[in-house]
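A.B. asks: So here's entry-v6.cif, just mmCIF, C-alpha atoms and all ligand atoms:
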```cif
data_work
loop_
_atom_site.group_PDB
_atom_site.id
_atom_site.type_symbol
_atom_site.label_atom_id
_atom_site.label_comp_id
_atom_site.auth_asym_id
_atom_site.auth_seq_id
_atom_site.Cartn_x
_atom_site.Cartn_y
_atom_site.Cartn_z
ATOM 1 C CA MET A 1 -19.947 -23.182 36.868
ATOM 2 C CA SER A 2 -21.750 -20.210 35.421
ATOM 3 C CA GLU A 3 -22.501 -20.801 31.746
ATOM 4 C CA GLU A 4 -22.496 -17.119 31.004
ATOM 5 C CA LEU A 5 -19.305 -15.318 30.096
ATOM 6 C CA PHE A 6 -18.846 -11.816 31.450
ATOM 7 C CA ILE A 7 -17.383 -9.962 28.483
ATOM 8 C CA PRO A 8 -15.035 -7.207 29.639
ATOM 9 C CA THR A 9 -15.889 -3.820 28.153
ATOM 10 C CA SER A 10 -12.473 -2.276 28.829
ATOM 11 C CA SER A 11 -10.374 -1.443 25.791
ATOM 12 C CA ASP A 12 -7.275 -2.272 27.840
ATOM 13 C CA LYS A 13 -5.845 -5.667 26.846
ATOM 14 C CA THR A 14 -4.444 -6.429 30.311
ATOM 15 C CA GLU A 15 -7.769 -5.668 32.001
ATOM 16 C CA LYS A 16 -9.584 -7.897 29.529
ATOM 17 C CA TYR A 17 -7.222 -10.801 30.207
ATOM 18 C CA ARG A 18 -7.465 -10.237 33.976
ATOM 19 C CA SER A 19 -11.240 -10.481 33.762
ATOM 20 C CA LEU A 20 -11.183 -13.544 31.523
ATOM 21 C CA ILE A 21 -8.508 -15.721 33.148
ATOM 22 C CA PRO A 22 -10.497 -16.508 36.337
ATOM 23 C CA GLN A 23 -13.551 -17.202 34.190
ATOM 24 C CA ILE A 24 -11.548 -19.582 32.004
ATOM 25 C CA GLU A 25 -10.197 -21.223 35.146
ATOM 26 C CA GLY A 26 -13.785 -21.721 36.349
ATOM 27 C CA LEU A 27 -14.724 -23.239 33.001
ATOM 28 C CA VAL A 28 -11.936 -25.806 32.808
ATOM 29 C CA MET A 29 -11.587 -26.770 36.473
ATOM 30 C CA ASP A 30 -15.070 -28.292 36.658
ATOM 31 C CA GLU A 31 -14.846 -30.264 33.424
ATOM 32 C CA PRO A 32 -12.462 -33.165 32.742
ATOM 33 C CA ASP A 33 -13.218 -33.515 29.011
ATOM 34 C CA LEU A 34 -10.475 -31.953 26.898
ATOM 35 C CA ILE A 35 -12.540 -31.176 23.797
ATOM 36 C CA ALA A 36 -15.314 -29.580 25.862
ATOM 37 C CA ASN A 37 -12.725 -27.405 27.597
ATOM 38 C CA LEU A 38 -10.924 -26.404 24.396
ATOM 39 C CA ALA A 39 -14.270 -25.488 22.825
ATOM 40 C CA ASN A 40 -15.182 -23.215 25.722
ATOM 41 C CA VAL A 41 -11.706 -21.656 25.914
ATOM 42 C CA ALA A 42 -11.821 -20.883 22.174
ATOM 43 C CA SER A 43 -15.198 -19.203 22.625
ATOM 44 C CA ALA A 44 -14.141 -17.300 25.768
ATOM 45 C CA LEU A 45 -11.053 -15.929 23.983
ATOM 46 C CA LYS A 46 -12.896 -15.119 20.760
ATOM 47 C CA TYR A 47 -15.740 -13.242 22.424
ATOM 48 C CA GLY A 48 -13.818 -11.958 25.466
ATOM 49 C CA MET A 49 -10.832 -10.600 23.538
ATOM 50 C CA GLY A 50 -12.471 -9.968 20.159
ATOM 51 C CA PHE A 51 -9.909 -12.070 18.284
ATOM 52 C CA PHE A 52 -10.383 -12.703 14.552
ATOM 53 C CA TRP A 53 -9.640 -16.442 14.802
ATOM 54 C CA VAL A 54 -8.799 -18.564 17.810
ATOM 55 C CA GLY A 55 -8.455 -22.306 17.912
ATOM 56 C CA PHE A 56 -6.534 -25.412 18.789
ATOM 57 C CA TYR A 57 -4.560 -27.989 16.846
ATOM 58 C CA LEU A 58 -4.024 -31.378 18.483
ATOM 59 C CA VAL A 59 -0.903 -33.507 17.973
ATOM 60 C CA LYS A 60 -1.989 -36.750 16.301
ATOM 61 C CA SER A 61 0.985 -38.986 15.334
ATOM 62 C CA ASP A 62 3.090 -36.981 12.840
ATOM 63 C CA GLU A 63 0.782 -34.024 12.288
ATOM 64 C CA LEU A 64 -1.413 -31.406 13.902
ATOM 65 C CA VAL A 65 -5.140 -31.854 13.396
ATOM 66 C CA LEU A 66 -7.650 -29.022 13.749
ATOM 67 C CA GLY A 67 -9.593 -29.049 17.023
ATOM 68 C CA PRO A 68 -12.179 -26.697 18.541
ATOM 69 C CA PHE A 69 -12.006 -23.175 17.138
ATOM 70 C CA GLN A 70 -13.975 -19.970 16.630
ATOM 71 C CA GLY A 71 -13.775 -18.015 13.397
ATOM 72 C CA PRO A 72 -13.631 -18.739 9.663
ATOM 73 C CA ILE A 73 -12.988 -22.322 8.525
ATOM 74 C CA ALA A 74 -9.328 -23.329 8.679
ATOM 75 C CA CYS A 75 -6.846 -25.856 7.308
ATOM 76 C CA THR A 76 -7.300 -29.204 9.013
ATOM 77 C CA ARG A 77 -3.808 -30.766 9.027
ATOM 78 C CA ILE A 78 -0.339 -29.284 9.510
ATOM 79 C CA LYS A 79 2.933 -31.262 9.405
ATOM 80 C CA LYS A 80 5.613 -30.862 12.056
ATOM 81 C CA GLY A 81 7.888 -27.937 11.191
ATOM 82 C CA LYS A 82 5.389 -26.449 8.713
ATOM 83 C CA GLY A 83 3.840 -23.000 9.114
ATOM 84 C CA VAL A 84 3.783 -21.131 12.408
ATOM 85 C CA CYS A 85 1.904 -23.903 14.234
ATOM 86 C CA GLY A 86 4.157 -26.720 13.025
ATOM 87 C CA THR A 87 7.234 -24.647 13.907
ATOM 88 C CA ALA A 88 5.925 -23.931 17.441
ATOM 89 C CA TRP A 89 5.339 -27.677 17.809
ATOM 90 C CA GLU A 90 8.857 -28.544 16.545
ATOM 91 C CA LYS A 91 10.563 -25.929 18.736
ATOM 92 C CA GLY A 92 8.272 -26.448 21.726
ATOM 93 C CA GLU A 93 7.946 -22.727 22.312
ATOM 94 C CA PRO A 94 5.543 -19.821 21.676
ATOM 95 C CA ILE A 95 5.939 -17.891 18.414
ATOM 96 C CA LEU A 96 4.766 -14.337 17.890
ATOM 97 C CA VAL A 97 4.434 -13.252 14.257
ATOM 98 C CA PRO A 98 3.904 -9.485 13.817
ATOM 99 C CA ASP A 99 3.484 -9.816 10.027
ATOM 100 C CA VAL A 100 2.527 -13.211 8.608
ATOM 101 C CA GLU A 101 3.952 -12.297 5.189
ATOM 102 C CA GLN A 102 7.406 -12.083 6.775
ATOM 103 C CA PHE A 103 7.228 -15.598 8.294
ATOM 104 C CA PRO A 104 8.776 -18.091 5.846
ATOM 105 C CA GLY A 105 6.323 -20.934 5.208
ATOM 106 C CA HIS A 106 3.349 -19.278 6.927
ATOM 107 C CA ILE A 107 0.178 -21.202 6.088
ATOM 108 C CA ALA A 108 -2.575 -18.786 5.063
ATOM 109 C CA CYS A 109 -5.858 -20.368 6.145
ATOM 110 C CA SER A 110 -7.515 -16.981 5.698
ATOM 111 C CA SER A 111 -6.228 -14.218 3.448
ATOM 112 C CA ASP A 112 -7.497 -11.743 6.076
ATOM 113 C CA SER A 113 -4.988 -12.934 8.680
ATOM 114 C CA ARG A 114 -2.168 -10.396 9.210
ATOM 115 C CA SER A 115 -0.507 -11.313 12.523
ATOM 116 C CA GLU A 116 -0.516 -14.365 14.729
ATOM 117 C CA ILE A 117 0.550 -15.851 18.056
ATOM 118 C CA VAL A 118 0.969 -19.581 18.645
ATOM 119 C CA LEU A 119 1.631 -21.376 21.959
ATOM 120 C CA PRO A 120 2.157 -25.065 22.748
ATOM 121 C CA ALA A 121 0.761 -26.980 25.749
ATOM 122 C CA PHE A 122 2.691 -29.948 27.099
ATOM 123 C CA LYS A 123 1.822 -33.332 28.561
ATOM 124 C CA ASP A 124 4.605 -35.550 29.964
ATOM 125 C CA GLY A 125 7.206 -33.222 28.463
ATOM 126 C CA GLN A 126 5.792 -33.485 24.916
ATOM 127 C CA VAL A 127 3.755 -30.938 22.968
ATOM 128 C CA HIS A 128 0.168 -32.189 23.191
ATOM 129 C CA LEU A 129 -1.676 -29.355 21.486
ATOM 130 C CA ILE A 130 -1.254 -25.868 20.054
ATOM 131 C CA LEU A 131 -3.230 -22.668 20.561
ATOM 132 C CA ASP A 132 -3.309 -20.427 17.498
ATOM 133 C CA VAL A 133 -4.677 -16.884 17.599
ATOM 134 C CA ASP A 134 -4.911 -14.811 14.412
ATOM 135 C CA SER A 135 -5.608 -11.126 13.906
ATOM 136 C CA ASP A 136 -6.726 -9.276 10.797
ATOM 137 C CA LYS A 137 -4.451 -6.395 11.906
ATOM 138 C CA LEU A 138 -0.697 -6.193 11.550
ATOM 139 C CA ASN A 139 1.394 -6.359 14.739
ATOM 140 C CA ASP A 140 -1.614 -7.037 16.970
ATOM 141 C CA PHE A 141 0.094 -9.296 19.554
ATOM 142 C CA ASP A 142 2.770 -8.487 22.096
ATOM 143 C CA GLU A 143 4.369 -9.639 25.342
ATOM 144 C CA THR A 144 1.092 -9.054 27.234
ATOM 145 C CA ASP A 145 -0.679 -11.581 24.986
ATOM 146 C CA ARG A 146 2.196 -14.038 25.367
ATOM 147 C CA GLN A 147 2.132 -13.782 29.175
ATOM 148 C CA TYR A 148 -1.620 -14.153 29.601
ATOM 149 C CA LEU A 149 -2.053 -16.798 26.915
ATOM 150 C CA LEU A 150 0.713 -18.765 28.679
ATOM 151 C CA LYS A 151 -1.517 -18.668 31.780
ATOM 152 C CA VAL A 152 -4.398 -20.028 29.693
ATOM 153 C CA MET A 153 -2.130 -22.818 28.444
ATOM 154 C CA GLY A 154 -1.123 -23.553 32.046
ATOM 155 C CA LEU A 155 -4.800 -23.989 32.958
ATOM 156 C CA ILE A 156 -5.304 -26.342 30.002
ATOM 157 C CA GLU A 157 -2.147 -28.301 30.882
ATOM 158 C CA SER A 158 -3.376 -28.749 34.446
ATOM 159 C CA ARG A 159 -6.345 -30.748 33.026
ATOM 160 C CA LEU A 160 -4.366 -32.864 30.534
HETATM 161 N N1 LIG B 201 -1.316 -19.719 9.991
HETATM 162 C C1 LIG B 201 -1.121 -21.000 10.633
HETATM 163 C C2 LIG B 201 -2.119 -22.024 10.144
HETATM 164 C C3 LIG B 201 -3.346 -22.091 10.950
HETATM 165 S S1 LIG B 201 -4.444 -20.890 10.559
HETATM 166 O O1 LIG B 201 -3.862 -19.565 10.775
HETATM 167 C C4 LIG B 201 -5.825 -21.044 11.455
HETATM 168 C C5 LIG B 201 0.281 -21.501 10.402
HETATM 169 O O2 LIG B 201 1.040 -20.899 9.626
HETATM 170 O O3 LIG B 201 0.647 -22.500 10.996
#
```
Translate the structure described by the file into structure tokens.

C.D. replies:
Amino acid sequence: MSEELFIPTSSDKTEKYRSLIPQIEGLVMDEPDLIANLANVASALKYGMGFFWVGFYLVKSDELVLGPFQGPIACTRIKKGKGVCGTAWEKGEPILVPDVEQFPGHIACSSDSRSEIVLPAFKDGQVHLILDVDSDKLNDFDETDRQYLLKVMGLIESRL
């Protein structure tokens, strides 16, 4: 595996994802350790896509616990059903939040966060971990992000 990330210069979101996905695949396919892979995926998404905050929460008994991330420090534990992450865990589906102030119960780890997308990854039919991506701009995520981040979650799931 190359340990250098090619950072796409295109301003087009789809092109950036198309450049990054094969690189992320290369990163995770050679490495069986989950934390090592999550750490590299967080970095690849942060620097490849220019996200404000990107990180993972891992399901540990009745709560989510902060895992590898890139960006400002964040809250460490989230209960099932709480905030965007806990709701995505409870529902077992991605959640796109165009304006965090309009999401009842949103947990503000950073006051700079304005919009957010959260996706679960499954192991044996259960949510095993959550990807959370935050933006400091309103309405910064759309169906393109959902589609390509689902591919990233598929790559992570294939190594769980
Ligand atoms: N906003 C999230 C909490 C995690 S931080 O954004 C990193 C939530 O409402 O679940």

A.B. asks: Mind pulling up the distance from CA of Phe6 in chain A to CA of Gly55 in chain A?

C.D. replies: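 Here the two named atoms are 20.0 Å from each other.
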
A.B. asks: Residues of chain A within 9 Å of ligand LIG 201 (chain B): nearest atom pair and distance (Å, one decimal) for each, counting only C-alpha atoms and all ligand atoms, sorted by chain and number, as a Markdown table?

C.D. replies:
```
| residue | atom | partner | partner_atom | distance |
| --- | --- | --- | --- | --- |
| A:Trp53 | CA | B:LIG201 | C4 | 6.9 |
| A:Val54 | CA | B:LIG201 | C4 | 7.4 |
| A:Gly55 | CA | B:LIG201 | C4 | 7.1 |
| A:Phe56 | CA | B:LIG201 | C4 | 8.6 |
| A:Tyr57 | CA | B:LIG201 | C3 | 8.4 |
| A:Leu66 | CA | B:LIG201 | C4 | 8.5 |
| A:Phe69 | CA | B:LIG201 | C4 | 8.7 |
| A:Gly71 | CA | B:LIG201 | C4 | 8.7 |
| A:Pro72 | CA | B:LIG201 | C4 | 8.3 |
| A:Ile73 | CA | B:LIG201 | C4 | 7.8 |
| A:Ala74 | CA | B:LIG201 | C4 | 5.0 |
| A:Cys75 | CA | B:LIG201 | C3 | 6.3 |
| A:Thr76 | CA | B:LIG201 | C3 | 8.4 |
| A:Arg77 | CA | B:LIG201 | C3 | 8.9 |
| A:Ile78 | CA | B:LIG201 | O3 | 7.0 |
| A:Lys82 | CA | B:LIG201 | O3 | 6.6 |
| A:Gly83 | CA | B:LIG201 | O2 | 3.5 |
| A:Val84 | CA | B:LIG201 | O3 | 3.7 |
| A:Cys85 | CA | B:LIG201 | O3 | 3.7 |
| A:Gly86 | CA | B:LIG201 | O3 | 5.9 |
| A:Thr87 | CA | B:LIG201 | O3 | 7.5 |
| A:Ala88 | CA | B:LIG201 | O3 | 8.5 |
| A:Val100 | CA | B:LIG201 | N1 | 7.7 |
| A:Phe103 | CA | B:LIG201 | O2 | 8.3 |
| A:Gly105 | CA | B:LIG201 | O2 | 6.9 |
| A:His106 | CA | B:LIG201 | O2 | 3.9 |
| A:Ile107 | CA | B:LIG201 | O2 | 3.7 |
| A:Ala108 | CA | B:LIG201 | N1 | 5.2 |
| A:Cys109 | CA | B:LIG201 | S1 | 4.7 |
| A:Ser110 | CA | B:LIG201 | O1 | 6.8 |
| A:Ser113 | CA | B:LIG201 | O1 | 7.0 |
| A:Ser115 | CA | B:LIG201 | N1 | 8.8 |
| A:Glu116 | CA | B:LIG201 | N1 | 7.2 |
| A:Val118 | CA | B:LIG201 | O3 | 8.2 |
| A:Asp132 | CA | B:LIG201 | C4 | 6.6 |
| A:Val133 | CA | B:LIG201 | O1 | 7.4 |
| A:Asp134 | CA | B:LIG201 | O1 | 6.1 |
```

A.B. asks: Please identify all polymer residues within 10 Å of Leu160 in chain A, counting all atoms listed in the file, omitting same-chain residues fewer than 6 positions from it, and present them as a ChimeraX atom specification.

C.D. replies: /A:32-34,121-124,128,154

A.B. asks: My list of candidates is A:Ala39, A:Leu96, A:Ile7, A:Ile130. Which is closest to Lys60 in chain A when distances are computed with only C-alpha atoms?

C.D. replies: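 Smallest distance to Lys60 in chain A is found for A:Ile130.
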
A.B. asks: Could you write out as a PDB file with C-alpha atoms, in the coordinates of the input the residues that the PyMOL selection byres (((chain A and resi 21) around 12) and not hetatm) matches in the shown file?

C.D. replies:
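result_30.pdb written:
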```
ATOM      1  CA  LEU A   5     -19.305 -15.318  30.096  1.00  0.00           C
ATOM      2  CA  PHE A   6     -18.846 -11.816  31.450  1.00  0.00           C
ATOM      3  CA  ILE A   7     -17.383  -9.962  28.483  1.00  0.00           C
ATOM      4  CA  PRO A   8     -15.035  -7.207  29.639  1.00  0.00           C
ATOM      5  CA  THR A  14      -4.444  -6.429  30.311  1.00  0.00           C
ATOM      6  CA  GLU A  15      -7.769  -5.668  32.001  1.00  0.00           C
ATOM      7  CA  LYS A  16      -9.584  -7.897  29.529  1.00  0.00           C
ATOM      8  CA  TYR A  17      -7.222 -10.801  30.207  1.00  0.00           C
ATOM      9  CA  ARG A  18      -7.465 -10.237  33.976  1.00  0.00           C
ATOM     10  CA  SER A  19     -11.240 -10.481  33.762  1.00  0.00           C
ATOM     11  CA  LEU A  20     -11.183 -13.544  31.523  1.00  0.00           C
ATOM     12  CA  PRO A  22     -10.497 -16.508  36.337  1.00  0.00           C
ATOM     13  CA  GLN A  23     -13.551 -17.202  34.190  1.00  0.00           C
ATOM     14  CA  ILE A  24     -11.548 -19.582  32.004  1.00  0.00           C
ATOM     15  CA  GLU A  25     -10.197 -21.223  35.146  1.00  0.00           C
ATOM     16  CA  GLY A  26     -13.785 -21.721  36.349  1.00  0.00           C
ATOM     17  CA  LEU A  27     -14.724 -23.239  33.001  1.00  0.00           C
ATOM     18  CA  VAL A  28     -11.936 -25.806  32.808  1.00  0.00           C
ATOM     19  CA  MET A  29     -11.587 -26.770  36.473  1.00  0.00           C
ATOM     20  CA  VAL A  41     -11.706 -21.656  25.914  1.00  0.00           C
ATOM     21  CA  ALA A  44     -14.141 -17.300  25.768  1.00  0.00           C
ATOM     22  CA  LEU A  45     -11.053 -15.929  23.983  1.00  0.00           C
ATOM     23  CA  GLY A  48     -13.818 -11.958  25.466  1.00  0.00           C
ATOM     24  CA  MET A  49     -10.832 -10.600  23.538  1.00  0.00           C
ATOM     25  CA  GLN A 147       2.132 -13.782  29.175  1.00  0.00           C
ATOM     26  CA  TYR A 148      -1.620 -14.153  29.601  1.00  0.00           C
ATOM     27  CA  LEU A 149      -2.053 -16.798  26.915  1.00  0.00           C
ATOM     28  CA  LEU A 150       0.713 -18.765  28.679  1.00  0.00           C
ATOM     29  CA  LYS A 151      -1.517 -18.668  31.780  1.00  0.00           C
ATOM     30  CA  VAL A 152      -4.398 -20.028  29.693  1.00  0.00           C
ATOM     31  CA  MET A 153      -2.130 -22.818  28.444  1.00  0.00           C
ATOM     32  CA  GLY A 154      -1.123 -23.553  32.046  1.00  0.00           C
ATOM     33  CA  LEU A 155      -4.800 -23.989  32.958  1.00  0.00           C
ATOM     34  CA  ILE A 156      -5.304 -26.342  30.002  1.00  0.00           C
TER      35      ILE A 156
END
```

A.B. asks: Could you tell me how far CA of Val59 in chain A sits from CA of Ala36 in chain A, in Å to one decimal place?

C.D. replies: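 Result for CA of Ala36 in chain A versus CA of Val59 in chain A: 16.9 Å, one decimal.
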
A.B. asks: Between A:Leu131, A:Lys13, A:Glu143, A:Lys79, which is the closest to Leu38 in chain A once you count only C-alpha atoms?

C.D. replies: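 Checking each of A:Leu131, A:Lys13, A:Glu143, A:Lys79 against Leu38 in chain A, counting only C-alpha atoms, the winner is A:Leu131.
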
A.B. asks: For Ser10 in chain A, which of A:Asp112, A:Asn37, A:Gly50, A:Pro94 is the closest residue, counting only C-alpha atoms?

C.D. replies: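 Distance minimum relative to Ser10 in chain A lands on A:Gly50.
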
A.B. asks: Using all atoms listed in the file, which of the listed residues (A:Glu31, A:Asp12, A:Glu3, A:Glu90) sits closest to Leu119 in chain A?

C.D. replies: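 Smallest distance to Leu119 in chain A is found for A:Glu90.
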
A.B. asks: Rounded to one decimal place, report the CA of Ile117 in chain A-CA of Phe52 in chain A distance in Å.

C.D. replies: 11.9 Å

A.B. asks: Out of A:Glu93, A:Ala42, A:Ser158, A:Ser61, which residue has the shortest atom-to-atom distance to Arg146 in chain A when counting only C-alpha atoms?

C.D. replies: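 With only C-alpha atoms as the atom set, the closest residue is A:Glu93.
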